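Everything on this sheet refers to the single structure shown next.
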Amino acid sequence: MAHAKIQAKMNEAAKGNMFSRSMSMADRSSRLLDHLDQLETRVEVLRDTATAMEQERECLLEMIQSVQNSQEMRSICDGEREELTLTADRLMGRTLTVNVSVDTIRNPEQEDALQKAMALIDVIAAKVLDDMEDARKRLMALHAACVTEAPPVPIDQKFQMIVISCALEDQKKIKRRLETLIRNVDNAERNIKIMDNQKVESEKTKSNGK
């Protein structure tokens, strides 16, 4: 009888210890989960910050190239142009020393869609100098496939289906690349018009001088 009571108390104590350990494990698990949630937030902030730096690098490179290829650079004297070119080259070199990369996790379908989208853009980019007006129209049609609001130009439906199949981060990169190409075409067209006008004015001056 006494042995039975002792055994019963031992069983109760064991149950109590098991319950205490269980609660302790639950608390520990909860703390670890909270810690991981905080780390996940920091990881997303890190990726967002790195992506912003990546975009800033692209923007700086584009702006430096724009200065290098600008009509203003061609209009100044040789000495000043040489000095400014050296400065632009130095800035370009320093910008290129900054390497920021944010990898996107993709499944095979998303990887294939990204390659197809970039290949279509590459084809148009390679033909920009052949026909800028046509290239700009085609780039605008591709860009229209990447925006949510109703675009003012026709949408390339085939390209839109490809973009939809891409990862969300890749969709943003595709859109940014198209915007950069469109700006480059616009700048090139503007420089050509300026040069044409200068040529006409020069011919008029020569004609009047005769």
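For the structure tokens, the naming scheme is as follows: chains receive sequential letters (A, B, ...) according to their order of presentation, residues are indexed from 1 within each chain, and ligands are indexed from 1 in presentation order.
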Check which residues of stretch 73-191 of chain A sit at most 10 Å from stretch 51-57 of chain A using only C-alpha atoms, and return one row each with the closest pair of atoms and their distance in Å to one decimal, ordered by chain and rising number, as a tab-separated table.
residue	atom	partner	partner_atom	distance
A:Thr95	CA	A:Arg57	CA	6.8
A:Leu96	CA	A:Arg57	CA	8.2
A:Val98	CA	A:Arg57	CA	7.7
A:Asn99	CA	A:Glu54	CA	8.1
A:Val100	CA	A:Glu54	CA	5.6
A:Ser101	CA	A:Glu54	CA	6.9
A:Val102	CA	A:Thr51	CA	6.4
A:Asp103	CA	A:Thr51	CA	9.7
A:Glu169	CA	A:Thr51	CA	9.7
A:Lys173	CA	A:Gln55	CA	9.3
A:Arg176	CA	A:Gln55	CA	8.8
task: Write out as an MDAnalysis selection string the residues lying within 10 Å of A:Gln157, counting only C-alpha atoms and excluding same-chain residues fewer than 5 positions away.
output: chainID A and resid 141:142 144:145 162:163
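Going from atom CA of A:Ala119 over to atom CA of A:Pro151, you cover 22.9 Å.
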message: What's around stretch 109-116 of chain A at 12 Å? Count only C-alpha atoms, leave out sequence neighbours fewer than 3 positions away in its own chain, and write the answer as JSON, numbers by chain.
response: {"A": [104, 105, 106, 119, 120, 121, 122, 123, 158, 159, 160, 161, 162, 163, 164, 165, 166, 167, 168, 169, 170, 171, 172, 173, 174, 175]}
